[in-house]
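Engineer: File follows, model35.cif with mmCIF, C-alpha atoms and all ligand atoms:
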```cif
data_model
#
loop_
_atom_site.label_atom_id
_atom_site.label_comp_id
_atom_site.auth_asym_id
_atom_site.auth_seq_id
_atom_site.Cartn_x
_atom_site.Cartn_y
_atom_site.Cartn_z
CA GLU R 141 53.48 55.62 2.98
CA SER R 142 49.89 54.37 3.19
CA GLN R 143 49.93 55.30 6.94
CA LEU R 144 48.41 51.93 7.80
CA ASN R 145 49.04 50.26 11.13
CA PRO R 146 49.42 46.49 10.59
CA ASN R 147 48.43 45.75 14.20
CA TYR R 148 44.98 47.08 13.43
CA SER R 149 44.02 43.97 11.48
CA PHE R 150 40.71 42.15 11.07
CA GLU R 151 42.22 39.25 12.93
CA ASN R 152 42.73 41.46 15.96
CA PHE R 153 39.29 43.01 15.65
CA LEU R 154 37.15 40.69 17.72
CA GLU R 155 33.66 40.10 16.45
CA GLY R 156 30.49 40.52 18.50
CA ASP R 157 26.88 41.58 18.02
CA SER R 158 27.95 45.16 18.56
CA ASN R 159 30.19 45.26 15.49
CA ARG R 160 29.10 42.38 13.26
CA LEU R 161 27.53 44.47 10.51
CA ALA R 162 30.39 46.97 10.32
CA ARG R 163 33.01 44.26 10.45
CA SER R 164 31.35 42.14 7.73
CA ALA R 165 30.85 45.18 5.54
CA GLY R 166 34.54 46.00 6.03
CA LEU R 167 35.52 42.49 4.99
CA ALA R 168 33.28 42.70 1.92
CA VAL R 169 34.83 46.01 0.91
CA ALA R 170 38.34 44.63 1.44
CA ALA R 171 37.54 41.62 -0.75
CA LYS R 172 36.28 43.80 -3.62
CA PRO R 173 37.32 47.42 -3.16
CA GLY R 174 35.07 49.67 -5.23
CA GLY R 175 33.16 46.62 -6.37
CA THR R 176 30.40 46.47 -3.79
CA SER R 177 27.43 48.70 -3.14
CA PHE R 178 29.14 49.72 0.11
CA ASN R 179 30.69 52.77 -1.42
CA PRO R 180 31.28 54.80 0.54
CA LEU R 181 31.38 52.57 3.59
CA LEU R 182 30.78 54.81 6.55
CA ILE R 183 31.56 53.41 9.99
CA PHE R 184 30.14 55.43 12.86
CA GLY R 185 30.01 55.15 16.62
CA GLY R 186 31.15 56.61 19.92
CA VAL R 187 34.64 57.17 21.22
CA GLY R 188 36.90 54.16 21.62
CA LEU R 189 34.60 51.66 19.94
CA GLY R 190 36.98 50.66 17.16
CA LYS R 191 36.34 52.99 14.21
CA THR R 192 40.00 53.73 13.60
CA HIS R 193 40.96 50.10 14.10
CA LEU R 194 38.38 48.87 11.60
CA ALA R 195 39.29 51.56 9.09
CA HIS R 196 42.92 50.44 9.21
CA ALA R 197 41.93 46.77 9.03
CA ILE R 198 40.16 47.40 5.73
CA GLY R 199 43.23 49.13 4.32
CA VAL R 200 45.65 46.52 5.64
CA ASP R 201 43.59 43.70 4.18
CA ILE R 202 43.31 45.40 0.78
CA LYS R 203 47.06 46.00 0.67
CA ASP R 204 47.52 42.34 1.44
CA LYS R 205 45.18 41.12 -1.28
CA TYR R 206 45.92 43.78 -3.88
CA PRO R 207 49.50 44.99 -3.39
CA GLU R 208 49.31 47.04 -6.60
CA LYS R 209 46.48 49.21 -5.31
CA THR R 210 47.23 52.52 -3.71
CA VAL R 211 45.57 52.72 -0.32
CA LEU R 212 45.69 55.83 1.80
CA TYR R 213 44.55 56.25 5.37
CA ILE R 214 44.32 59.80 6.67
CA SER R 215 42.45 61.55 9.45
CA ALA R 216 40.05 64.28 8.37
CA GLU R 217 42.06 66.63 10.54
CA LYS R 218 45.28 65.94 8.70
CA PHE R 219 43.49 66.07 5.36
CA THR R 220 42.20 69.53 6.28
CA GLN R 221 45.65 70.67 7.33
CA GLN R 222 47.17 69.41 4.09
CA TYR R 223 44.52 71.20 2.10
CA ILE R 224 45.10 74.48 3.92
CA ASP R 225 48.85 74.17 3.29
CA ALA R 226 48.25 73.37 -0.37
CA VAL R 227 46.09 76.46 -0.80
CA LYS R 228 48.75 78.60 0.90
CA LYS R 229 51.40 77.28 -1.44
CA ASN R 230 49.19 77.58 -4.50
CA ASN R 231 49.16 73.81 -4.87
CA ARG R 232 45.44 73.21 -4.75
CA ASN R 233 45.43 71.36 -8.06
CA ASP R 234 48.30 69.10 -7.06
CA PHE R 235 46.47 68.31 -3.87
CA ILE R 236 43.33 67.35 -5.76
CA HIS R 237 45.28 65.35 -8.29
CA PHE R 238 47.13 63.43 -5.58
CA TYR R 239 43.86 62.29 -4.04
CA GLN R 240 42.13 61.57 -7.32
CA ILE R 241 44.59 58.85 -8.31
CA ILE R 242 44.23 56.83 -5.12
CA ASP R 243 42.43 53.47 -5.36
CA VAL R 244 41.22 53.28 -1.80
CA LEU R 245 40.80 56.42 0.27
CA ILE R 246 40.13 56.02 3.98
CA ILE R 247 39.26 59.18 5.90
CA ASP R 248 38.93 58.91 9.66
CA ASP R 249 36.69 61.14 11.80
CA VAL R 250 34.92 63.07 9.05
CA GLN R 251 32.92 64.92 11.70
CA PHE R 252 36.05 67.06 11.87
CA LEU R 253 35.01 68.59 8.53
CA SER R 254 32.04 70.26 10.27
CA GLY R 255 31.90 73.90 9.36
CA LYS R 256 35.04 73.68 7.18
CA THR R 257 33.41 74.59 3.90
CA GLY R 258 36.58 74.87 1.83
CA THR R 259 37.76 71.41 2.77
CA GLN R 260 34.27 70.00 2.31
CA ASP R 261 34.17 71.48 -1.15
CA VAL R 262 37.47 69.97 -2.24
CA PHE R 263 36.56 66.65 -0.67
CA PHE R 264 33.26 66.69 -2.56
CA HIS R 265 35.14 66.91 -5.86
CA ILE R 266 37.65 64.25 -4.90
CA PHE R 267 34.86 61.98 -3.71
CA ASN R 268 32.91 62.34 -6.94
CA HIS R 269 35.95 61.60 -9.02
CA LEU R 270 36.88 58.50 -7.05
CA HIS R 271 33.33 57.22 -6.94
CA GLN R 272 32.76 57.69 -10.65
CA ASN R 273 35.94 55.77 -11.35
CA GLY R 274 34.96 52.83 -9.20
CA LYS R 275 37.43 53.63 -6.45
CA GLN R 276 36.63 52.78 -2.86
CA VAL R 277 35.98 55.36 -0.18
CA VAL R 278 35.84 54.43 3.51
CA LEU R 279 34.82 57.00 6.10
CA THR R 280 34.44 57.01 9.85
CA SER R 281 32.51 59.42 11.99
CA ASP R 282 31.35 59.82 15.55
CA LYS R 283 27.75 60.07 14.37
CA ALA R 284 25.41 58.83 11.67
CA PRO R 285 25.02 61.09 8.62
CA VAL R 286 21.51 62.12 9.74
CA ASP R 287 22.97 63.45 12.97
CA MET R 288 25.92 65.30 11.45
CA GLN R 289 25.94 69.04 11.72
CA ASP R 290 27.49 71.74 9.59
CA ILE R 291 28.27 69.39 6.74
CA GLU R 292 26.96 70.46 3.35
CA GLN R 293 23.84 68.67 2.20
CA ARG R 294 25.39 67.49 -1.04
CA LEU R 295 28.22 65.84 0.86
CA LEU R 296 25.86 64.30 3.41
CA SER R 297 23.81 62.84 0.61
CA ARG R 298 27.00 61.24 -0.79
CA PHE R 299 27.75 59.79 2.62
CA LYS R 300 24.38 58.05 2.47
CA TRP R 301 24.95 56.51 -0.96
CA GLY R 302 26.69 53.41 0.33
CA LEU R 303 26.34 51.77 3.70
CA SER R 304 26.43 53.37 7.13
CA ALA R 305 27.30 50.78 9.74
CA GLU R 306 27.29 51.49 13.45
CA LEU R 307 29.77 50.27 16.04
CA GLN R 308 27.93 49.85 19.31
CA ASN R 309 29.11 49.16 22.82
CA PRO R 310 30.37 45.59 22.93
CA ASP R 311 28.50 43.19 25.20
CA PHE R 312 30.14 41.42 28.11
CA GLU R 313 31.19 38.33 26.13
CA THR R 314 32.85 40.44 23.47
CA ARG R 315 34.60 42.55 26.08
CA VAL R 316 36.01 39.42 27.65
CA SER R 317 37.24 38.14 24.27
CA ILE R 318 38.84 41.47 23.46
CA LEU R 319 40.73 41.40 26.75
CA ARG R 320 41.77 37.77 26.39
CA ASN R 321 43.02 38.40 22.90
CA LYS R 322 44.98 41.46 23.99
CA LEU R 323 46.60 39.62 26.91
CA TYR R 324 47.40 36.69 24.67
CA ARG R 325 49.09 38.94 22.12
CA ASP R 326 51.08 40.70 24.83
CA GLY R 327 52.04 37.36 26.32
CA VAL R 328 50.60 38.25 29.72
CA GLU R 329 48.75 35.83 31.94
CA MET R 330 45.91 37.02 34.06
CA PRO R 331 43.44 35.16 36.27
CA GLU R 332 40.08 34.69 34.61
CA ASP R 333 38.11 36.27 37.48
CA ILE R 334 40.12 39.48 37.09
CA ILE R 335 39.53 39.62 33.35
CA GLU R 336 35.83 39.18 34.01
CA TYR R 337 35.83 41.76 36.75
CA VAL R 338 37.33 44.37 34.43
CA ALA R 339 35.04 43.43 31.53
CA LYS R 340 32.03 43.60 33.79
CA ASN R 341 32.81 47.07 35.07
CA ILE R 342 34.09 48.92 32.04
CA LYS R 343 31.28 48.86 29.57
CA SER R 344 31.22 51.69 27.16
CA ASN R 345 34.62 52.10 25.62
CA VAL R 346 37.11 49.51 24.38
CA ARG R 347 40.00 51.92 24.69
CA GLU R 348 39.30 52.29 28.42
CA LEU R 349 38.86 48.58 28.75
CA GLU R 350 42.32 48.05 27.34
CA GLY R 351 43.66 50.99 29.32
CA ALA R 352 42.51 49.43 32.57
CA ILE R 353 44.21 46.15 31.75
CA ILE R 354 47.41 47.93 30.75
CA SER R 355 47.52 49.88 34.00
CA LEU R 356 46.77 46.76 35.93
CA ILE R 357 49.73 44.99 34.36
CA ALA R 358 51.98 48.01 34.86
CA GLN R 359 50.98 48.48 38.50
CA SER R 360 51.60 44.89 39.32
CA SER R 361 54.97 44.72 37.61
CA PHE R 362 56.32 48.08 38.87
CA ASN R 363 55.25 47.39 42.41
CA LYS R 364 56.04 43.71 42.16
CA LYS R 365 52.54 43.02 43.41
CA GLU R 366 50.38 40.13 42.47
CA ILE R 367 47.39 40.96 40.30
CA THR R 368 44.53 40.67 42.74
CA ILE R 369 40.89 41.60 42.65
CA ASP R 370 41.66 44.41 45.09
CA LEU R 371 44.20 45.92 42.77
CA ALA R 372 41.78 45.48 39.86
CA ARG R 373 39.07 47.22 41.87
CA THR R 374 41.25 50.26 42.58
CA ILE R 375 42.17 50.63 38.94
CA VAL R 376 38.68 50.04 37.59
CA GLU R 377 37.30 52.61 40.04
CA LYS R 378 39.69 55.19 38.68
CA PHE R 379 38.54 54.52 35.14
CA VAL R 380 34.88 54.44 35.99
CA LYS R 381 35.08 57.63 38.04
CA ASN R 382 36.80 59.44 35.20
CA THR R 383 34.10 58.39 32.80
CA LYS R 384 31.29 59.34 35.15
CA ARG R 385 32.67 62.81 35.66
CA GLU R 386 31.95 63.51 31.99
CA VAL R 387 28.22 63.17 32.46
CA SER R 388 27.46 66.69 33.56
CA ILE R 389 24.21 68.54 33.03
CA ASP R 390 25.98 70.59 30.36
CA TYR R 391 27.03 67.46 28.58
CA ILE R 392 23.48 66.07 28.74
CA GLN R 393 22.07 69.27 27.27
CA LYS R 394 24.67 69.12 24.52
CA VAL R 395 23.86 65.52 23.64
CA VAL R 396 20.10 66.10 23.68
CA SER R 397 20.25 69.30 21.66
CA ASP R 398 22.64 67.70 19.13
CA TYR R 399 20.27 64.78 18.84
CA PHE R 400 17.37 67.07 17.94
CA GLN R 401 19.65 69.28 15.86
CA MET R 402 18.96 72.42 17.82
CA ASP R 403 21.31 74.55 19.85
CA ILE R 404 21.36 74.67 23.62
CA ASP R 405 19.80 78.15 23.68
CA THR R 406 16.79 76.81 21.81
CA LEU R 407 16.55 73.88 24.16
CA GLN R 408 16.52 76.27 27.12
CA SER R 409 14.21 78.85 25.57
CA LYS R 410 10.73 79.72 26.82
CA THR R 411 9.02 78.44 23.72
CA ARG R 412 6.10 76.03 23.96
CA LYS R 413 6.79 74.39 20.61
CA ARG R 414 6.20 70.72 21.21
CA HIS R 415 9.47 69.28 19.96
CA ILE R 416 11.50 71.84 21.92
CA VAL R 417 9.50 71.23 25.08
CA GLN R 418 10.08 67.51 24.65
CA ALA R 419 13.82 67.97 24.13
CA ARG R 420 13.98 70.06 27.30
CA GLN R 421 11.99 67.49 29.25
CA LEU R 422 14.32 64.76 28.06
CA ALA R 423 17.35 66.76 29.17
CA MET R 424 15.78 67.20 32.61
CA PHE R 425 14.88 63.53 32.81
CA PHE R 426 18.44 62.44 32.00
CA ALA R 427 19.92 65.00 34.37
CA LYS R 428 17.77 63.56 37.15
CA LYS R 429 18.69 60.03 36.20
CA LEU R 430 22.41 60.45 35.65
CA THR R 431 23.56 63.14 38.03
CA LYS R 432 23.24 63.75 41.75
CA ALA R 433 21.88 67.25 41.20
CA SER R 434 18.67 68.26 42.96
CA LEU R 435 15.48 69.04 41.02
CA ALA R 436 15.97 72.72 41.81
CA SER R 437 19.53 72.72 40.59
CA ILE R 438 18.61 70.85 37.40
CA GLY R 439 15.84 73.37 36.76
CA SER R 440 18.11 76.34 37.23
CA GLN R 441 20.71 74.91 34.86
CA ILE R 442 18.22 73.96 32.16
CA GLY R 443 16.65 77.27 31.26
CA LYS R 444 16.00 78.63 34.77
CA ARG R 445 12.97 76.48 35.57
CA ASP R 446 11.75 75.57 39.06
CA HIS R 447 11.85 72.17 40.70
CA ALA R 448 8.16 71.47 39.98
CA THR R 449 8.81 71.84 36.26
CA VAL R 450 11.63 69.32 36.46
CA LEU R 451 9.49 66.89 38.41
CA HIS R 452 6.73 67.27 35.86
CA ALA R 453 9.24 66.72 33.05
CA CYS R 454 10.48 63.48 34.61
CA LYS R 455 6.93 62.17 34.99
CA THR R 456 6.04 63.17 31.45
CA VAL R 457 9.06 61.37 30.04
CA ASP R 458 8.20 58.27 32.08
CA ASN R 459 4.61 58.33 30.81
CA LEU R 460 5.43 59.07 27.21
CA SER R 461 8.10 56.44 26.99
CA SER R 462 5.60 53.79 28.00
CA THR R 463 2.83 55.00 25.67
CA ASP R 464 4.55 56.54 22.66
CA LYS R 465 6.79 54.40 20.50
CA GLN R 466 8.59 57.29 18.81
CA PHE R 467 9.27 58.88 22.16
CA ARG R 468 10.62 55.65 23.56
CA LYS R 469 13.06 55.59 20.66
CA TYR R 470 14.27 59.06 21.64
CA VAL R 471 14.96 57.85 25.15
CA GLU R 472 16.79 54.77 23.88
CA ASP R 473 18.86 56.69 21.35
CA ILE R 474 19.89 59.34 23.84
CA THR R 475 20.67 56.73 26.48
CA LYS R 476 23.02 55.13 23.99
CA LYS R 477 24.62 58.43 23.14
CA LEU R 478 25.22 59.15 26.78
CA SER R 479 26.74 55.64 26.96
CA VAL R 480 25.00 54.48 30.10
P1 LIG X 501 37.69 54.89 17.87
O1 LIG X 501 38.46 55.23 16.63
O2 LIG X 501 36.28 54.45 17.58
O3 LIG X 501 37.73 55.94 18.91
P2 LIG X 501 39.75 52.89 18.16
O4 LIG X 501 39.66 52.23 16.83
O5 LIG X 501 40.87 53.81 18.38
O6 LIG X 501 38.36 53.60 18.53
O7 LIG X 501 39.74 51.72 19.26
C1 LIG X 501 40.18 51.92 20.58
C2 LIG X 501 40.94 50.71 21.03
O8 LIG X 501 40.07 49.61 21.17
C3 LIG X 501 42.01 50.27 20.02
O9 LIG X 501 43.13 49.86 20.72
C4 LIG X 501 41.36 49.10 19.31
O10 LIG X 501 42.34 48.17 18.87
C5 LIG X 501 40.49 48.51 20.40
N1 LIG X 501 39.29 47.84 19.88
C6 LIG X 501 38.10 48.40 19.58
N2 LIG X 501 37.23 47.49 19.15
C7 LIG X 501 37.87 46.31 19.18
C8 LIG X 501 37.49 44.97 18.85
N3 LIG X 501 36.26 44.67 18.40
N4 LIG X 501 38.43 44.01 19.00
C9 LIG X 501 39.65 44.30 19.46
N5 LIG X 501 40.07 45.53 19.79
C10 LIG X 501 39.19 46.53 19.65
MG MG X 502 39.46 56.95 16.08
#
```
As C-alpha cells, how would this structure be written, given the file I've shared?
Ligand code: ADP
Ligand code: MG
Structural biologist:
Amino acid sequence: ESQLNPNYSFENFLEGDSNRLARSAGLAVAAKPGGTSFNPLLIFGGVGLGKTHLAHAIGVDIKDKYPEKTVLYISAEKFTQQYIDAVKKNNRNDFIHFYQIIDVLIIDDVQFLSGKTGTQDVFFHIFNHLHQNGKQVVLTSDKAPVDMQDIEQRLLSRFKWGLSAELQNPDFETRVSILRNKLYRDGVEMPEDIIEYVAKNIKSNVRELEGAIISLIAQSSFNKKEITIDLARTIVEKFVKNTKREVSIDYIQKVVSDYFQMDIDTLQSKTRKRHIVQARQLAMFFAKKLTKASLASIGSQIGKRDHATVLHACKTVDNLSSTDKQFRKYVEDITKKLSV
C-alpha cells in the first residue's frame, strides 16, 4: 500500500562521512514528520549512492513510530504516469485529493519532472497544500536544486525551503562496512582481504559495489570455486571497465554544460564570452585527463578546435585552478560529477 521496502531501513543504511548529514536529517524527519524545518527534505546525489534506500528508510521508520500516519513512497515517473492517466479519465481532482490527504509524501527522482509542466503544476499545488498543513515531504534527485533544469522556478524555490542534503561517494571505510553488513545479512562468509580488494577498487557507486560482491558469490557457488583474489580481480575488472566506458568526451561535455546550465552547442560555439570559454576549456581539460583521446581528436570533438587550442586549454585550467579559488571549485565540482 505505502510501497515501502522494509529492507531499506536506517539500520541497513551504514553511516559514513559521505552520508552523515543526509542520514541524520532523515532520522530527524522520521522522529517528527512535518515538525522540523527540514520540509521538504531533499536528498540528492549520483547514481547508486543510496537516495532510494534512504527515502524508504524515512518512510519505514515513520510507519514504525506512527502507524496511524499515511505514508506514501512513489517515484516521480510513476507519479507522472498516474497524473496523465487521471487527466485522461477526467479524474484530475480525485488525483489531487488523494495526494492532499497523505501525511508523508516521498517522491523519488524528481529530476524526472524536468520539462513536464503539467505534472509540475499539479505537484506544486499538492506540495503547497501538504506544506501548509504541516505534512512532511521528502524528495530525492540526482542533482541539487541549483543545478536542476527545466523545473519551474516556483517549484525550485519550494525545493529550497527545507534542507537539501547530498549523498557523496562513500570513503573506503564506509565501503568496507557496507560490504560486511551485506555479507552478514546474507549469511555469506568472505575473506577480509577480498572484501577490502573489492572496496578498494569500486569507488563511486554502492550499487556496483554490491553488484560485484553478488557476482563474486554467484560465480564461486555456480562454479564450485573458492573465492580467491584472482576471481575477485576478474569480476572487479568487469565492473570497473563498464564504468570507465561511460566517460566519453560526449559525456564530459554533457556534464560540463549541465554544470554551467548551458547546452552543448553553446559550449562548442565560437563565442569568446568568458564563462563559455572557461566551460569549453574545462571540457577539454577533463577529456585529456579522463580519456585516451589525442589532443587533435579532443579538439575536433569539442567544437572543431585544433590540438594547440586543447593544449592551451589544459594549461589554462591548470594555472587557473592553482590561482583562482572559484575556478578550483569548478574543477572539484565537475570532478565529483564525473565520479573520478
Ligand atoms: P540511488 O537511488 O541513489 O541510485 P539506491 O538507494 O538504489 O541508490 O542504492 C543502491 C544500492 O546501494 C542499494 O542496494 C542500497 O541498499 C545500497 N546502499 C547505498 N548506500 C548505502 C549505505 N550507506 N549503506 C548500505 N547500503 C547502501
Ligand atoms: Mg534511486
Engineer: Kindly provide, as an MDAnalysis selection string, all nucleotide and amino acid residues lying within 9 Å of ligand MG 502 (chain X), counting only C-alpha atoms and all ligand atoms.
Structural biologist: chainID R and resid 187:193 195 215 248:249 280:282
Engineer: Give me the residues within 9 Å of Ala427 in chain R as number ranges by chain, counting all atoms listed in the file and dropping any in the same chain fewer than 3 places off.
Structural biologist: R: 387-389, 392-393, 422-424, 430-433, 435, 438
Engineer: Padding of 5 Å on every side, edges along x, y and z, all listed atoms of range 277-290 of chain R included: what centre and edge lengths in Å, to one decimal, does that box have, as JSON?
Structural biologist:
```
{"center_x": 28.7, "center_y": 63.1, "center_z": 7.7, "size_x": 24.5, "size_y": 27.3, "size_z": 25.7}
```
Engineer: Could you jot down the CA of Leu323 in chain R to CA of Ser158 in chain R separation for me, Å, one decimal place?
Structural biologist: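 Computing the Euclidean distance for CA of Leu323 in chain R and CA of Ser158 in chain R yields 21.2 Å.
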Engineer: Hey, which of R:Asn231, R:Thr406, R:Gln359, R:Ser177 ends up closest to Lys300 in chain R? Count all atoms listed in the file.
Structural biologist: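 Among the listed residues, R:Ser177 lies closest to Lys300 in chain R.
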